[in-house]
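File shown here: start20.cif, holding mmCIF, C-alpha atoms.
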data_target
loop_
_atom_site.label_atom_id
_atom_site.label_comp_id
_atom_site.auth_asym_id
_atom_site.auth_seq_id
_atom_site.Cartn_x
_atom_site.Cartn_y
_atom_site.Cartn_z
CA MET A 26 13.00 1.98 9.50
CA GLU A 27 10.78 1.22 6.54
CA ILE A 28 11.76 -0.35 3.23
CA TRP A 29 9.73 0.08 0.06
CA ILE A 30 10.03 -3.08 -2.00
CA ASN A 31 8.77 -5.01 -4.98
CA PRO A 32 9.09 -8.69 -3.96
CA ALA A 33 9.92 -9.62 -7.58
CA CYS A 34 13.03 -7.39 -7.46
CA SER A 35 16.31 -9.16 -6.73
CA LYS A 36 17.88 -6.02 -5.21
CA CYS A 37 14.91 -5.74 -2.84
CA ARG A 38 15.26 -9.36 -1.80
CA SER A 39 19.00 -8.86 -1.25
CA ALA A 40 18.35 -5.78 0.89
CA ILE A 41 15.79 -7.67 3.01
CA SER A 42 18.23 -10.57 3.43
CA LEU A 43 20.95 -8.23 4.64
CA LEU A 44 18.59 -6.42 7.03
CA ASP A 45 17.52 -9.80 8.42
CA ALA A 46 21.12 -10.99 8.74
CA GLU A 47 21.95 -7.84 10.72
CA GLY A 48 18.90 -8.28 12.97
CA ALA A 49 17.45 -4.93 11.92
CA GLU A 50 13.95 -3.92 12.90
CA TYR A 51 12.03 -2.67 9.89
CA THR A 52 8.63 -2.48 8.26
CA VAL A 53 8.10 -3.70 4.71
CA ARG A 54 5.98 -1.64 2.36
CA ARG A 55 5.05 -3.38 -0.87
CA TYR A 56 4.65 -0.11 -2.70
CA LEU A 57 3.00 -1.62 -5.78
CA GLU A 58 0.12 -2.75 -3.55
CA ASP A 59 0.27 -0.01 -0.91
CA VAL A 60 0.87 2.83 -3.34
CA PRO A 61 2.41 5.95 -1.82
CA SER A 62 0.44 9.18 -2.17
CA GLU A 63 1.89 12.24 -3.83
CA ASP A 64 2.52 13.71 -0.36
CA GLU A 65 4.35 10.56 0.75
CA ILE A 66 6.50 10.68 -2.39
CA ARG A 67 7.30 14.34 -1.71
CA ALA A 68 8.28 13.48 1.87
CA VAL A 69 10.56 10.64 0.74
CA LEU A 70 12.12 12.87 -1.91
CA ASP A 71 12.85 15.46 0.79
CA ARG A 72 14.43 12.75 2.96
CA LEU A 73 16.43 11.46 -0.01
CA ASP A 74 17.41 15.01 -1.03
CA LEU A 75 16.55 14.01 -4.61
CA GLU A 76 14.13 15.06 -7.33
CA PRO A 77 11.39 12.77 -8.69
CA TRP A 78 13.24 12.19 -11.96
CA ASP A 79 16.21 10.95 -9.91
CA ILE A 80 14.17 8.01 -8.58
CA THR A 81 12.26 7.25 -11.79
CA ARG A 82 12.84 3.96 -13.57
CA ALA A 83 13.01 5.51 -17.04
CA GLN A 84 13.52 2.20 -18.84
CA GLU A 85 10.15 0.78 -17.78
CA ALA A 86 7.54 0.38 -20.54
CA GLU A 87 5.22 2.77 -18.68
CA ALA A 88 7.91 5.46 -18.71
CA LYS A 89 8.28 5.10 -22.45
CA GLU A 90 4.49 5.19 -22.95
CA LEU A 91 4.33 8.42 -20.93
CA GLY A 92 7.25 9.89 -22.86
CA LEU A 93 9.16 10.71 -19.67
CA LYS A 94 12.45 11.18 -21.51
CA GLU A 95 10.96 14.29 -23.12
CA TRP A 96 9.60 15.77 -19.88
CA ALA A 97 11.40 18.82 -18.50
CA ARG A 98 13.29 18.30 -15.27
CA ASP A 99 12.71 21.50 -13.38
CA ALA A 100 10.71 23.03 -10.54
CA ALA A 101 7.77 23.79 -12.86
CA THR A 102 7.33 20.10 -13.78
CA ARG A 103 8.21 18.57 -10.39
CA ASP A 104 4.55 18.03 -9.43
CA ARG A 105 3.84 16.40 -12.80
CA TRP A 106 6.64 13.91 -12.15
CA ILE A 107 5.40 13.20 -8.62
CA ALA A 108 1.85 12.64 -9.90
CA ALA A 109 3.18 10.19 -12.50
CA LEU A 110 5.05 8.23 -9.81
CA ALA A 111 1.91 8.07 -7.67
CA ARG A 112 -0.20 6.88 -10.61
CA HIS A 113 2.48 4.48 -11.88
CA PRO A 114 4.35 3.20 -8.79
CA LYS A 115 6.27 0.68 -10.90
CA LEU A 116 8.31 3.68 -12.03
CA ILE A 117 9.68 4.29 -8.50
CA GLN A 118 13.26 3.12 -8.04
CA ARG A 119 13.62 0.43 -5.40
CA PRO A 120 14.32 -0.45 -2.72
CA ILE A 121 14.01 2.77 -0.75
CA ILE A 122 14.86 2.68 2.94
CA THR A 123 13.70 5.41 5.30
CA ALA A 124 15.86 5.49 8.40
CA ASP A 125 14.70 6.51 11.86
CA ASP A 126 17.07 9.50 11.79
CA GLY A 127 14.84 11.19 9.19
CA THR A 128 16.96 10.36 6.16
CA ALA A 129 16.31 7.92 3.34
CA LEU A 130 18.31 6.29 0.58
CA VAL A 131 17.89 4.16 -2.50
CA ALA A 132 19.40 0.89 -1.31
CA ARG A 133 20.36 -0.83 -4.55
CA SER A 134 23.73 -2.01 -3.20
CA GLU A 135 24.93 -3.77 -0.08
CA ASP A 136 26.90 -0.65 0.85
CA ALA A 137 23.72 1.46 0.68
CA VAL A 138 21.87 -0.99 2.93
CA ARG A 139 24.76 -0.89 5.40
CA GLU A 140 24.64 2.91 5.29
CA ALA A 141 20.93 2.78 6.19
CA LEU A 142 21.74 0.41 9.06
CA SER A 143 24.41 2.76 10.40
CA ARG A 144 22.00 5.72 10.21
CA ASP A 145 19.33 3.74 12.00
CA LYS A 146 21.66 2.99 14.92
CA SER A 147 22.81 6.56 15.40
#
Let me see the structure of the file written as structure tokens.
Amino acid sequence: MEIWINPACSKCRSAISLLDAEGAEYTVRRYLEDVPSEDEIRAVLDRLDLEPWDITRAQEAEAKELGLKEWARDAATRDRWIAALARHPKLIQRPIITADDGTALVARSEDAVREALSRDKS
């Protein structure tokens, strides 16, 4: 499995601690340094079964500067949202875990991390 993290994020550090405590094998991607491409974001969105606005940190200063609250949330603007996430990775919700079973989830709680662990073992 892979986990997209920002090391400054307490929820990311908690997720890593839980993965370590459970002896999970995973790869860390510091997505602010190793920025995902638009295609990678699309792939993760497909695995999450979410839309880009669902994983956007709308309270970030960059989101306000871009005026994201006013952007439409529909199929016609989906690519615009994805491009914004690729250009401004700080806007991507974290941590995101991609499990080996082809699914992914936003792991902001201990329960979500445990869910990822159970998917990884199946």
- Selection dump of the PyMOL selection byres ((chain A and resi 66) around 12), as a ChimeraX atom specification: /A:29,56,60-65,67-78,80-81,103-104,106-112,114,117-118,121,123,129
- To verify the selection step, state as a PyMOL selection string which residues the PyMOL selection byres ((chain A and resi 41) around 12) yields on this input. chain A and resi 26-32+34-40+42-54+119-122+132-135+138-139+142
- Residue with smallest distance to Glu58 of chain A - pool A:His113, A:Trp96, A:Ala86, A:Asp126, counting only C-alpha atoms: A:His113
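Our summary of the geometry notes that atom CA of Arg105 of chain A is positioned 13.1 Å from atom CA of Ala88 of chain A.
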